[in-house]
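To be precise, the following lines are coords_11.pdb, and they hold PDB, C-alpha atoms.
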ATOM      1  CA  MET A  10       0.000   0.000   0.000
ATOM      2  CA  PHE A  11       2.933   2.346   0.535
ATOM      3  CA  PRO A  12       3.568   5.094  -0.337
ATOM      4  CA  THR A  13       0.174   6.769   0.078
ATOM      5  CA  THR A  14      -1.055  10.319  -0.474
ATOM      6  CA  THR A  15      -2.238  10.632   3.126
ATOM      7  CA  THR A  16      -1.211  14.116   4.245
ATOM      8  CA  ILE A  17      -1.184  15.846   7.620
ATOM      9  CA  LEU A  18      -3.139  19.039   6.990
ATOM     10  CA  GLY A  19      -3.095  20.409  10.532
ATOM     11  CA  THR A  20      -1.684  19.722  13.989
ATOM     12  CA  GLY A  21      -2.661  20.828  17.476
ATOM     13  CA  SER A  22      -1.865  20.197  21.123
ATOM     14  CA  TYR A  23      -3.055  21.139  24.590
ATOM     15  CA  LEU A  24      -1.350  21.320  27.988
ATOM     16  CA  PRO A  25      -3.378  21.459  31.222
ATOM     17  CA  ARG A  26      -3.436  24.703  33.162
ATOM     18  CA  THR A  27      -1.555  23.374  36.210
ATOM     19  CA  CYS A  28       2.196  23.018  35.844
ATOM     20  CA  LEU A  29       4.184  20.858  38.277
ATOM     21  CA  THR A  30       7.836  21.919  38.341
ATOM     22  CA  SER A  31      10.825  19.765  39.170
ATOM     23  CA  ASP A  32      11.321  21.812  42.353
ATOM     24  CA  GLU A  33       7.775  20.958  43.429
ATOM     25  CA  ILE A  34       8.468  17.279  42.761
ATOM     26  CA  ASP A  35      11.596  17.552  44.913
ATOM     27  CA  THR A  36       9.561  19.079  47.727
ATOM     28  CA  ARG A  37       6.889  16.391  47.432
ATOM     29  CA  MET A  38       9.487  13.623  47.623
ATOM     30  CA  GLY A  39      11.582  15.299  50.325
ATOM     31  CA  TRP A  40      14.567  15.480  47.978
ATOM     32  CA  PRO A  41      17.225  18.187  47.769
ATOM     33  CA  SER A  42      16.463  20.905  45.232
ATOM     34  CA  GLY A  43      17.549  19.887  41.735
ATOM     35  CA  GLN A  44      17.509  16.137  42.312
ATOM     36  CA  SER A  45      14.530  15.310  40.066
ATOM     37  CA  LEU A  46      15.959  17.533  37.307
ATOM     38  CA  SER A  47      19.356  15.850  37.406
ATOM     39  CA  ARG A  48      17.851  12.368  37.829
ATOM     40  CA  PHE A  49      15.105  12.525  35.213
ATOM     41  CA  GLY A  50      15.991  15.500  32.986
ATOM     42  CA  LEU A  51      12.580  17.025  33.655
ATOM     43  CA  HIS A  52      11.991  20.740  34.272
ATOM     44  CA  ALA A  53       8.190  20.586  34.466
ATOM     45  CA  ARG A  54       5.092  18.647  33.492
ATOM     46  CA  HIS A  55       1.397  19.471  33.465
ATOM     47  CA  VAL A  56      -1.391  17.967  35.565
ATOM     48  CA  ALA A  57      -5.034  17.975  34.479
ATOM     49  CA  SER A  58      -7.647  19.490  36.783
ATOM     50  CA  ASP A  59     -10.956  17.721  37.382
ATOM     51  CA  ASP A  60     -12.683  19.642  34.578
ATOM     52  CA  GLU A  61      -9.878  18.899  32.112
ATOM     53  CA  THR A  62     -11.053  15.452  31.113
ATOM     54  CA  SER A  63      -9.493  13.467  28.282
ATOM     55  CA  SER A  64     -12.272  14.500  25.887
ATOM     56  CA  TYR A  65     -12.010  18.148  26.963
ATOM     57  CA  MET A  66      -8.272  18.237  26.289
ATOM     58  CA  ALA A  67      -8.712  16.341  23.020
ATOM     59  CA  VAL A  68     -11.180  18.925  21.727
ATOM     60  CA  ARG A  69      -8.861  21.808  22.621
ATOM     61  CA  ALA A  70      -6.069  20.127  20.617
ATOM     62  CA  ALA A  71      -8.466  19.227  17.799
ATOM     63  CA  GLU A  72      -9.657  22.820  17.466
ATOM     64  CA  ARG A  73      -6.085  23.963  16.846
ATOM     65  CA  ALA A  74      -5.521  21.201  14.294
ATOM     66  CA  LEU A  75      -8.781  22.039  12.500
ATOM     67  CA  GLU A  76      -7.832  25.725  12.387
ATOM     68  CA  MET A  77      -4.435  24.962  10.838
ATOM     69  CA  ALA A  78      -6.065  22.617   8.314
ATOM     70  CA  GLY A  79      -8.696  25.193   7.372
ATOM     71  CA  CYS A  80     -11.353  22.594   8.102
ATOM     72  CA  ARG A  81     -14.627  22.869  10.009
ATOM     73  CA  ALA A  82     -15.594  20.116  12.432
ATOM     74  CA  ASP A  83     -18.694  19.301  10.378
ATOM     75  CA  GLU A  84     -16.469  18.618   7.358
ATOM     76  CA  LEU A  85     -14.870  15.630   9.068
ATOM     77  CA  ASP A  86     -15.664  12.153   7.748
ATOM     78  CA  LEU A  87     -14.072  10.144  10.569
ATOM     79  CA  ILE A  88     -12.956  10.694  14.171
ATOM     80  CA  ILE A  89     -10.430   8.299  15.693
ATOM     81  CA  GLY A  90      -9.513   8.322  19.363
ATOM     82  CA  ALA A  91      -5.953   7.176  20.022
ATOM     83  CA  CYS A  92      -5.526   7.465  23.774
ATOM     84  CA  GLY A  93      -3.315   5.249  25.893
ATOM     85  CA  VAL A  94      -6.094   5.008  28.485
ATOM     86  CA  MET A  95      -9.728   5.794  27.685
ATOM     87  CA  GLU A  96     -11.772   8.368  29.578
ATOM     88  CA  GLN A  97     -14.252   5.600  30.377
ATOM     89  CA  PRO A  98     -14.708   2.026  29.146
ATOM     90  CA  ILE A  99     -17.990   2.608  27.290
ATOM     91  CA  PRO A 100     -18.705   4.497  25.056
ATOM     92  CA  SER A 101     -15.380   5.295  23.451
ATOM     93  CA  THR A 102     -13.539   8.570  23.998
ATOM     94  CA  ALA A 103     -14.057   9.322  20.291
ATOM     95  CA  VAL A 104     -17.808   9.391  20.906
ATOM     96  CA  LEU A 105     -17.331  11.893  23.742
ATOM     97  CA  VAL A 106     -15.163  14.068  21.505
ATOM     98  CA  GLN A 107     -17.714  13.945  18.686
ATOM     99  CA  ASP A 108     -20.291  15.261  21.155
ATOM    100  CA  ARG A 109     -18.018  18.037  22.455
ATOM    101  CA  LEU A 110     -17.330  19.135  18.875
ATOM    102  CA  GLY A 111     -21.055  19.751  18.399
ATOM    103  CA  LEU A 112     -21.435  16.759  16.076
ATOM    104  CA  ALA A 113     -23.698  14.548  18.192
ATOM    105  CA  SER A 114     -26.344  14.300  15.455
ATOM    106  CA  SER A 115     -23.905  14.145  12.535
ATOM    107  CA  GLY A 116     -23.531  10.383  12.112
ATOM    108  CA  ILE A 117     -19.775  10.847  11.559
ATOM    109  CA  PRO A 118     -18.066   7.539  12.441
ATOM    110  CA  ALA A 119     -16.164   7.762  15.723
ATOM    111  CA  PHE A 120     -14.195   4.991  17.387
ATOM    112  CA  ASP A 121     -11.021   4.333  19.370
ATOM    113  CA  VAL A 122      -7.786   2.561  18.465
ATOM    114  CA  ASN A 123      -5.555   1.477  21.333
ATOM    115  CA  ALA A 124      -1.890   0.498  21.310
ATOM    116  CA  THR A 125      -0.997   2.325  24.555
ATOM    117  CA  CYS A 126       1.852   4.798  23.867
ATOM    118  CA  LEU A 127       1.784   3.999  20.135
ATOM    119  CA  SER A 128      -1.969   4.459  19.686
ATOM    120  CA  PHE A 129      -1.467   7.561  17.532
ATOM    121  CA  LEU A 130       0.720   5.711  15.020
ATOM    122  CA  GLN A 131      -1.753   2.862  14.696
ATOM    123  CA  ALA A 132      -4.629   5.319  14.267
ATOM    124  CA  LEU A 133      -2.588   7.057  11.565
ATOM    125  CA  ASP A 134      -2.332   3.734   9.731
ATOM    126  CA  VAL A 135      -6.079   3.082  10.028
ATOM    127  CA  ALA A 136      -6.955   6.608   8.901
ATOM    128  CA  GLY A 137      -4.737   6.178   5.853
ATOM    129  CA  MET A 138      -6.749   3.133   4.791
ATOM    130  CA  TRP A 139      -9.987   5.148   4.937
ATOM    131  CA  LEU A 140      -8.434   7.987   2.946
ATOM    132  CA  GLU A 141      -6.784   5.845   0.295
ATOM    133  CA  THR A 142      -9.991   3.870  -0.343
ATOM    134  CA  ASN A 143     -12.008   7.114  -0.637
ATOM    135  CA  ARG A 144     -14.110   6.277   2.397
ATOM    136  CA  ALA A 145     -13.086   9.624   3.919
ATOM    137  CA  ARG A 146     -11.745  12.999   2.779
ATOM    138  CA  ARG A 147     -10.947  14.508   6.188
ATOM    139  CA  VAL A 148     -10.021  12.549   9.317
ATOM    140  CA  LEU A 149      -9.401  13.749  12.862
ATOM    141  CA  ILE A 150      -7.089  11.737  15.107
ATOM    142  CA  PHE A 151      -6.614  12.748  18.725
ATOM    143  CA  SER A 152      -4.624  11.393  21.638
ATOM    144  CA  ALA A 153      -5.314  12.601  25.181
ATOM    145  CA  ASP A 154      -3.971  11.053  28.339
ATOM    146  CA  ILE A 155      -4.197  11.810  32.053
ATOM    147  CA  ALA A 156      -1.382   9.778  33.535
ATOM    148  CA  SER A 157      -1.524  11.685  36.825
ATOM    149  CA  VAL A 158      -4.570   9.759  38.068
ATOM    150  CA  GLY A 159      -2.758   6.416  38.007
ATOM    151  CA  LEU A 160       0.681   7.161  39.458
ATOM    152  CA  ASP A 161       2.273   5.450  42.453
ATOM    153  CA  TRP A 162       4.422   8.099  44.129
ATOM    154  CA  SER A 163       6.119   5.474  46.281
ATOM    155  CA  LYS A 164       7.935   4.593  43.029
ATOM    156  CA  PRO A 165       9.125   8.017  41.806
ATOM    157  CA  GLU A 166      11.251   6.572  38.991
ATOM    158  CA  GLY A 167       7.946   6.036  37.182
ATOM    159  CA  ALA A 168       5.631   8.595  38.745
ATOM    160  CA  ALA A 169       7.871  11.630  38.393
ATOM    161  CA  ILE A 170       8.253  11.479  34.612
ATOM    162  CA  PHE A 171       4.623  11.314  33.460
ATOM    163  CA  GLY A 172       2.634  14.345  32.350
ATOM    164  CA  ASP A 173      -0.886  15.009  31.081
ATOM    165  CA  GLY A 174      -1.875  16.524  27.757
ATOM    166  CA  ALA A 175      -3.366  16.033  24.297
ATOM    167  CA  GLY A 176      -2.346  16.153  20.653
ATOM    168  CA  ALA A 177      -4.352  15.964  17.429
ATOM    169  CA  VAL A 178      -4.021  15.995  13.650
ATOM    170  CA  VAL A 179      -6.355  16.479  10.703
ATOM    171  CA  LEU A 180      -5.562  14.278   7.715
ATOM    172  CA  GLY A 181      -6.537  14.395   4.063
ATOM    173  CA  ARG A 182      -5.123  13.422   0.697
ATOM    174  CA  GLY A 183      -2.587  15.813  -0.742
ATOM    175  CA  GLU A 184       1.044  16.361  -1.656
ATOM    176  CA  GLY A 185       2.352  14.743   1.517
ATOM    177  CA  SER A 186       2.532  10.991   1.982
ATOM    178  CA  ILE A 187       2.897   8.076   4.350
ATOM    179  CA  MET A 188       6.021   6.392   3.025
ATOM    180  CA  ALA A 189       6.256   3.421   5.394
ATOM    181  CA  HIS A 190       4.708   2.067   8.578
ATOM    182  CA  GLY A 191       5.902  -0.686  10.884
ATOM    183  CA  PHE A 192       4.644  -2.288  14.089
ATOM    184  CA  GLU A 193       6.001  -5.273  16.016
ATOM    185  CA  THR A 194       4.976  -6.743  19.382
ATOM    186  CA  TYR A 195       7.020  -8.919  21.751
ATOM    187  CA  ALA A 196       4.795 -10.217  24.565
ATOM    188  CA  GLU A 197       7.858 -11.395  26.486
ATOM    189  CA  GLY A 198       7.749  -7.836  27.842
ATOM    190  CA  ARG A 199       4.063  -7.872  28.790
ATOM    191  CA  ASP A 200       4.862  -7.405  32.494
ATOM    192  CA  ALA A 201       7.114  -4.391  31.978
ATOM    193  CA  CYS A 202       4.284  -1.824  31.874
ATOM    194  CA  VAL A 203       1.010  -2.743  33.577
ATOM    195  CA  LEU A 204      -2.177  -1.063  34.756
ATOM    196  CA  ALA A 205      -4.188  -4.028  35.998
ATOM    197  CA  ALA A 206      -7.496  -2.525  37.134
ATOM    198  CA  GLY A 207     -10.324  -1.209  34.991
ATOM    199  CA  GLY A 208     -11.001  -4.184  32.739
ATOM    200  CA  THR A 209     -12.998  -7.367  33.154
ATOM    201  CA  ARG A 210     -10.398  -9.244  35.227
ATOM    202  CA  VAL A 211      -9.545  -6.755  37.978
ATOM    203  CA  ASN A 212     -12.478  -4.605  39.053
ATOM    204  CA  PRO A 213     -14.779  -3.970  42.052
ATOM    205  CA  ALA A 214     -17.087  -6.833  41.071
ATOM    206  CA  ARG A 215     -14.336  -9.450  40.889
ATOM    207  CA  GLY A 216     -11.925  -7.986  43.404
ATOM    208  CA  ALA A 217      -8.798  -5.865  43.295
ATOM    209  CA  GLN A 218      -5.642  -5.701  45.344
ATOM    210  CA  PRO A 219      -4.084  -2.466  46.648
ATOM    211  CA  GLY A 220      -1.986  -0.949  43.896
ATOM    212  CA  ASP A 221      -3.901  -2.558  41.017
ATOM    213  CA  GLU A 222      -5.310   0.846  40.149
ATOM    214  CA  THR A 223      -1.887   2.420  39.679
ATOM    215  CA  PHE A 224       0.575   2.083  36.832
ATOM    216  CA  ARG A 225       3.649  -0.044  37.489
ATOM    217  CA  MET A 226       6.703  -0.142  35.303
ATOM    218  CA  ASP A 227       9.830  -2.258  35.134
ATOM    219  CA  GLY A 228      11.954   0.164  33.155
ATOM    220  CA  GLY A 229      14.875  -2.235  32.932
ATOM    221  CA  LEU A 230      12.781  -5.005  31.361
ATOM    222  CA  ALA A 231      11.131  -2.599  28.928
ATOM    223  CA  PHE A 232      14.503  -1.221  27.854
ATOM    224  CA  ARG A 233      16.054  -4.665  27.395
ATOM    225  CA  VAL A 234      13.215  -5.987  25.251
ATOM    226  CA  ALA A 235      12.980  -2.861  23.102
ATOM    227  CA  SER A 236      16.654  -1.986  22.726
ATOM    228  CA  ARG A 237      17.613  -5.429  21.404
ATOM    229  CA  ARG A 238      15.259  -5.061  18.467
ATOM    230  CA  LEU A 239      15.046  -1.326  17.862
ATOM    231  CA  PRO A 240      18.090  -0.951  15.552
ATOM    232  CA  ARG A 241      16.917  -3.729  13.204
ATOM    233  CA  PHE A 242      13.334  -2.438  13.320
ATOM    234  CA  LEU A 243      14.391   1.087  12.420
ATOM    235  CA  ALA A 244      16.679  -0.076   9.618
ATOM    236  CA  LYS A 245      13.848  -2.129   8.099
ATOM    237  CA  LEU A 246      11.365   0.731   8.440
ATOM    238  CA  VAL A 247      13.580   3.353   6.827
ATOM    239  CA  SER A 248      14.606   0.941   4.067
ATOM    240  CA  GLY A 249      10.917   0.273   3.380
ATOM    241  CA  ALA A 250      10.422   3.996   2.826
ATOM    242  CA  GLY A 251      13.030   3.870   0.068
ATOM    243  CA  ILE A 252      15.304   6.447   1.648
ATOM    244  CA  GLY A 253      18.476   6.547   3.698
ATOM    245  CA  VAL A 254      18.628   7.627   7.320
ATOM    246  CA  ASP A 255      20.506  10.753   6.247
ATOM    247  CA  GLN A 256      17.482  11.798   4.180
ATOM    248  CA  ILE A 257      15.249  12.046   7.253
ATOM    249  CA  ASP A 258      14.863  15.714   8.156
ATOM    250  CA  CYS A 259      13.122  15.326  11.509
ATOM    251  CA  ILE A 260      12.851  12.542  14.113
ATOM    252  CA  ILE A 261       9.758  12.683  16.312
ATOM    253  CA  PRO A 262      10.079  10.014  19.010
ATOM    254  CA  HIS A 263       7.750   9.032  21.794
ATOM    255  CA  GLN A 264       8.910  11.168  24.707
ATOM    256  CA  ALA A 265       9.300   8.176  27.025
ATOM    257  CA  SER A 266      12.215   9.478  29.085
ATOM    258  CA  ALA A 267      15.401  11.469  28.705
ATOM    259  CA  GLN A 268      17.336   8.202  28.498
ATOM    260  CA  ALA A 269      15.036   6.763  25.812
ATOM    261  CA  LEU A 270      15.429   9.854  23.653
ATOM    262  CA  SER A 271      19.208   9.594  23.900
ATOM    263  CA  HIS A 272      19.005   5.919  22.936
ATOM    264  CA  VAL A 273      16.974   6.650  19.793
ATOM    265  CA  THR A 274      19.469   9.322  18.774
ATOM    266  CA  ARG A 275      22.371   6.904  19.194
ATOM    267  CA  ALA A 276      20.557   4.005  17.506
ATOM    268  CA  LEU A 277      19.946   6.086  14.377
ATOM    269  CA  ARG A 278      23.371   7.745  14.520
ATOM    270  CA  LEU A 279      21.757  11.097  13.902
ATOM    271  CA  ARG A 280      22.600  14.618  14.916
ATOM    272  CA  ALA A 281      20.732  15.565  18.071
ATOM    273  CA  GLU A 282      19.285  18.696  16.437
ATOM    274  CA  LYS A 283      17.177  16.503  14.146
ATOM    275  CA  VAL A 284      15.425  14.925  17.134
ATOM    276  CA  VAL A 285      12.346  16.670  18.538
ATOM    277  CA  ASN A 286      12.741  16.701  22.310
ATOM    278  CA  ILE A 287       9.998  18.285  24.434
ATOM    279  CA  PHE A 288      10.342  15.852  27.336
ATOM    280  CA  ALA A 289      11.898  18.378  29.716
ATOM    281  CA  ARG A 290       8.751  20.531  29.717
ATOM    282  CA  THR A 291       6.011  17.928  29.218
ATOM    283  CA  GLY A 292       7.237  14.618  30.588
ATOM    284  CA  ASN A 293       5.966  11.338  29.163
ATOM    285  CA  GLN A 294       2.420  12.049  27.947
ATOM    286  CA  VAL A 295       1.711   8.411  27.018
ATOM    287  CA  ALA A 296      -0.112   8.296  23.639
ATOM    288  CA  ALA A 297      -0.344  12.096  23.467
ATOM    289  CA  SER A 298       3.450  12.248  23.412
ATOM    290  CA  ILE A 299       4.035  11.740  19.671
ATOM    291  CA  PRO A 300       1.268  14.023  18.302
ATOM    292  CA  SER A 301       2.207  16.718  20.841
ATOM    293  CA  ALA A 302       5.852  16.535  19.756
ATOM    294  CA  LEU A 303       4.691  16.600  16.119
ATOM    295  CA  ASP A 304       2.690  19.772  16.740
ATOM    296  CA  HIS A 305       5.698  21.363  18.425
ATOM    297  CA  ALA A 306       7.900  20.447  15.452
ATOM    298  CA  VAL A 307       5.458  21.942  12.953
ATOM    299  CA  ARG A 308       4.778  25.163  14.849
ATOM    300  CA  SER A 309       8.456  25.728  15.623
ATOM    301  CA  GLN A 310       9.296  24.982  11.947
ATOM    302  CA  GLN A 311      11.568  22.135  12.938
ATOM    303  CA  LEU A 312       9.423  20.239  10.410
ATOM    304  CA  ARG A 313       8.413  22.067   7.231
ATOM    305  CA  ARG A 314       6.294  21.230   4.209
ATOM    306  CA  GLY A 315       8.008  18.815   1.871
ATOM    307  CA  GLN A 316      10.354  17.487   4.534
ATOM    308  CA  THR A 317      10.561  13.873   5.685
ATOM    309  CA  ALA A 318       9.870  12.817   9.274
ATOM    310  CA  LEU A 319      10.230   9.608  11.245
ATOM    311  CA  LEU A 320       7.698   9.075  14.035
ATOM    312  CA  VAL A 321       8.882   6.261  16.284
ATOM    313  CA  GLY A 322       8.481   4.787  19.737
ATOM    314  CA  THR A 323       7.817   1.841  22.002
ATOM    315  CA  SER A 324       4.782   0.926  24.057
ATOM    316  CA  ALA A 325       3.516  -1.531  26.634
ATOM    317  CA  GLY A 326       3.446  -5.006  25.258
ATOM    318  CA  ILE A 327       6.346  -4.501  24.442
ATOM    319  CA  SER A 328       5.678  -3.066  20.974
ATOM    320  CA  LEU A 329       7.833  -1.114  18.547
ATOM    321  CA  GLY A 330       6.194   1.248  16.095
ATOM    322  CA  GLY A 331       7.215   3.751  13.479
ATOM    323  CA  THR A 332       5.939   5.781  10.544
ATOM    324  CA  VAL A 333       7.960   7.558   7.857
ATOM    325  CA  LEU A 334       6.047  10.417   6.266
ATOM    326  CA  ARG A 335       6.536  13.367   3.990
ATOM    327  CA  PHE A 336       4.975  16.411   5.581
TER     328      PHE A 336
END

Take the structure in the file and give it back as structure tokens.
Amino acid sequence: MFPTTTTILGTGSYLPRTCLTSDEIDTRMGWPSGQSLSRFGLHARHVASDDETSSYMAVRAAERALEMAGCRADELDLIIGACGVMEQPIPSTAVLVQDRLGLASSGIPAFDVNATCLSFLQALDVAGMWLETNRARRVLIFSADIASVGLDWSKPEGAAIFGDGAGAVVLGRGEGSIMAHGFETYAEGRDACVLAAGGTRVNPARGAQPGDETFRMDGGLAFRVASRRLPRFLAKLVSGAGIGVDQIDCIIPHQASAQALSHVTRALRLRAEKVVNIFARTGNQVAASIPSALDHAVRSQQLRRGQTALLVGTSAGISLGGTVLRF
């Protein structure tokens, strides 16, 4: 199917009003000033207030993407939610966003795609299929995550790095393209990133243990599973796009951690200035990470029309995902 004419027409992002600085994290943990900054490379991250739900943040990001694309909400043909964690189990977050956009009686298809931190990339692939088969002319994808509600602050190596926020894009067919897409899953790492409660196995009806409602992460296991396969995965992905690594103008990685961003830079043997790095001011925004970094790249002109970008990351599973596109 590749390459396609699927084109990103507009991008948008949203950060919650409340900002939690590294100094405030130090105070919360009883650490000396500067410890969280030196340990995690994080200056600040944002925390959603009660009224800033996933669907609320998604709509704020979507409005910016629609404005850039010159597209009205009622001109959309498809809405795809791509959150790491849904606002509620049923109905989907995409349905809630459709309603908030004033489209509740529109009949526009709205559904969610979930691949945890890589949900946006998988939604991008699905949206491309709708566009290339003429089932849609304009597609909205949004990712919005509120990691702050599921953090275990007794384990700061995980809790301190996560931030809340949303990112969105509007897609159509145009002069841009999706040049290649890849996704691989290795369930040997299934226990590396877990949020047990909220599904049909662990819930109030069937019982839950203390801590099941919080996110737990074995960063060492996740890194080992992903890092062994990431160089080969990236080489295959870029080769499938028919270009060399040196022809990639902009790398937009999942903002997993400061260490993960350094690893991607080394794995691709690229100059650091090509890598979009917003981690220090946003933290790890789960699925919202990649579209938020994409919006930053576009608005800061780190990524310009006609240039080639690599969107890449890892997610719970453990999965590896990447998309090469011409913006």

Q) Of the residues A:Ala325, A:Ala153, A:Leu112, A:Ile261, which is the one nearest to Gly228 of chain A, using all atoms listed in the file? A) A:Ala325

Q | Sel. within 8 Å of pt (-1.6, 1.8, 24.9), counting all atoms listed in the file, output as a list in words | A |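 All residues meeting the 8 Å criterion around (-1.6, 1.8, 24.9) are Cys92, Gly93, Val94, Asn123, Ala124, Thr125, Cys126, Leu127, Ser128, Val295, Ala296, Ser324 and Ala325 of chain A.
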
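Our summary of the geometry notes that atom CA of Gly167 of chain A is positioned 14.4 Å from atom CA of Ile155 of chain A.
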
Q | Matched chain/residue IDs from the PyMOL selection byres ((chain A and resi 237-250) around 6), as a PyMOL selection string | A | chain A and resi 188-189+234-236+251-252+276

Q: Choose the residue, out of A:Pro165, A:Gly174, A:Gly292, A:Gly331, that has the smallest atom-to-atom separation from His190 of chain A; count only C-alpha atoms.
A: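 Checking each of A:Pro165, A:Gly174, A:Gly292, A:Gly331 against His190 of chain A, counting only C-alpha atoms, the winner is A:Gly331.
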
Q. If you count all atoms listed in the file, which residues fall within 8 Å of segment 53-69 of chain A, apart from same-chain ones fewer than 5 positions away, as a VMD selection string?
A. chain A and resid 22 to 31 95 to 96 102 to 103 105 to 106 109 to 110 151 to 155 157 170 to 177 289 to 292

Q.
Here is a test: counting only C-alpha atoms, which residue of A:Asn143, A:Ser115, A:Gln294, A:Ser301 is nearest to Ala74 of chain A?
A.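 Checking each candidate against Ala74 of chain A, we get A:Ser301 as the closest.
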
Output as a tab-separated table one row per residue of segment 93-192 of chain A within 10 Å of segment 80-85 of chain A: the closest atom pair and its distance in Å to one decimal place, counting all atoms listed in the file, sorted by chain and residue number ascending.
residue	atom	partner	partner_atom	distance
A:Gln107	CA	A:Ala82	CA	9.0
A:Leu110	CA	A:Ala82	CA	6.7
A:Gly111	CA	A:Ala82	CA	8.1
A:Leu112	CA	A:Asp83	CA	6.8
A:Ser115	CA	A:Asp83	CA	7.6
A:Ile117	CA	A:Leu85	CA	7.3
A:Pro118	CA	A:Leu85	CA	9.3
A:Ala145	CA	A:Leu85	CA	8.1
A:Arg146	CA	A:Leu85	CA	7.5
A:Arg147	CA	A:Leu85	CA	5.0
A:Val148	CA	A:Leu85	CA	5.8
A:Leu149	CA	A:Leu85	CA	6.9
A:Val179	CA	A:Cys80	CA	8.3
A:Leu180	CA	A:Leu85	CA	9.5
A:Gly181	CA	A:Leu85	CA	9.8

For the PyMOL selection byres ((chain A and resi 203) around 6), applied here, can you spell out every residue it catches as a CSV table (one decimal) with C-alpha atoms, keeping the file's coordinate frame?
chain,number,residue,atom,x,y,z
A,202,CYS,CA,4.3,-1.8,31.9
A,204,LEU,CA,-2.2,-1.1,34.8
A,205,ALA,CA,-4.2,-4.0,36.0
A,224,PHE,CA,0.6,2.1,36.8
A,225,ARG,CA,3.6,0.0,37.5

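Closest approach to Ala136 of chain A among A:His52, A:Arg182, A:Arg313, A:Arg275: A:Arg182, based on only C-alpha atoms.
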
Q. Any idea what's packed within 6 Å of Gly185 of chain A, counting all atoms listed in the file, ignoring anything in its chain fewer than 6 positions away? Could you give it as a PyMOL selection string?
A. chain A and resi 14+16+335-336

Q | Among listed residues A:Gln256, A:Thr223, A:Ser186, A:Ser114, nearest Leu334 of chain A (using all atoms listed in the file) | A |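 Once distances to Leu334 of chain A are computed over all atoms listed in the file, the minimum belongs to A:Ser186.
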
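For the pair atom CA of Ser298 of chain A and atom CA of Ser47 of chain A, the separation is 21.5 Å.
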
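Residue nearest Trp162 of chain A, chosen from A:Arg199, A:Lys283, A:Arg37, A:His272 and counting all atoms listed in the file: A:Arg37.
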
Q.
Assuming the chain letters and numbering stay as they are in my file, what does the PyMOL selection byres ((chain A and resi 195) around 9) actually select? List them as a ChimeraX atom specification.
A. /A:193-194,196-199,234-235,326-329
